[in-house]
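The block underneath contains the structure these notes are about, expressed in structure tokens.
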Amino acid sequence: MKIRVTSNIKQVAKKLDVIQRSQIPFAASVAINETIGKTNSKGLRLVITREMNKRLDRPKSTTTKVGRGNSALFFLRSNKRNLTATFGFKDWASKFMKFLVFGGTRTTGKNIPIPTGAAKLDRHGNLNKKRPKGLIRNKKQFFDKNGKGVFERTRKNEKPRLIIKFKRAVNYRPMFPFYEIAGRYIGFTFPKKFSQALRKALRSAR
């Protein structure tokens with residue numbers, strides 16, 4: 001799940017002389033990369049991080065950052081020989097982000113654990129996957145024999161409460177308009193970045 005930023009410079013090039021045209025690939029590449037952002041605190045990278053934190057429920061920092069390792073987003077820069085940059089989610093992140101971007105139904109062929117209001121979650125609102133016995137945390141919790149989920153005994157003689165229910169499919173509604181956000185930002189920002197980069201390149205060519 002990604003976007004590609006490609007520069008179409010033919011119309012601009014017609015209005016420039018030979019020396020000026022030679023600076024266009026460099027200026028276009030600079031503008032493309034600056035539009036995406038050289039760091040996570042600039043450009044589209046900053047916008048996407050800010051919007052994800054605003055629209056999603058307590059996303060992990062790895063989900064909102066661009067980089068190597070566990071970071072969910074990646075950025076392939078352009079250069080003056082290839083005026084195309086690619087920005088988007090890595091394959092492992094696309095598996096869950098696609099439901100937040102497009103909506104849809106998630107199935108795994110197995111029971112999907114869904115926490116109820118009684119479940120204890122981590123600071124990101126997720127079930128703790130580091131439990132030593134999977135979904136069972138202590139002796140008070142047990143799997144329902146009918147496969148409904150995980151229950152927890154509370155006080156004596158009280159009915160056990162459901163803390164994790166099982167579903168065969170989970171429906172999602174679109175929550176994060178990734179392509180709309182990126183498209184608006186690129187359309188507004190790239191022309192300005194290109195004009196700035198071209199003026200600077202032409203000054204240095206004189």
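Residues are named by chain letter and number: chains run A, B, ... in the order of the structure tokens, numbers start at 1 in each chain, and ligands are numbered from 1 in the order shown.
Taking the backbone of this structure through DSSP, the residues of range 93-135 of chain A that come out as alpha helix (DSSP H) are Ala93, Ser94, Lys95, Phe96, Met97, Lys98, Phe99, Leu100, Val101 and Phe102 of chain A.
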Backbone DSSP call of strand (DSSP E or B) for range 52-143 of chain A, listed as a VMD selection string | chain A and resid 66 73 to 76 79 82 84 to 89 104 to 115 133 136 141 to 143
What lies within 12 Å of Asp144 in chain A using only C-alpha atoms, ignoring chain neighbours under 3 positions off, as number ranges by chain?
-> A: 136, 141, 147-153, 160-166
Within 8 Å of Ile112 in chain A, counting only C-alpha atoms, which residues show up once you throw out same-chain ones fewer than 3 positions away? Write them as JSON, numbers by chain, please.
-> {"A": [107, 108, 166, 167, 168, 169, 170]}
Using the selection just defined, write its residues with C-alpha atoms as a PDB file, in the first residue's frame.
ATOM      1  CA  THR A 107     -10.853 -13.300   8.355  1.00  0.00           C
ATOM      2  CA  THR A 108      -8.014 -15.621   9.325  1.00  0.00           C
ATOM      3  CA  PHE A 166     -14.035 -14.911  19.683  1.00  0.00           C
ATOM      4  CA  LYS A 167     -15.208 -13.988  16.207  1.00  0.00           C
ATOM      5  CA  ARG A 168     -14.629 -15.691  12.880  1.00  0.00           C
ATOM      6  CA  ALA A 169     -14.700 -12.345  11.060  1.00  0.00           C
ATOM      7  CA  VAL A 170     -14.279  -8.695  12.046  1.00  0.00           C
TER       8      VAL A 170
END
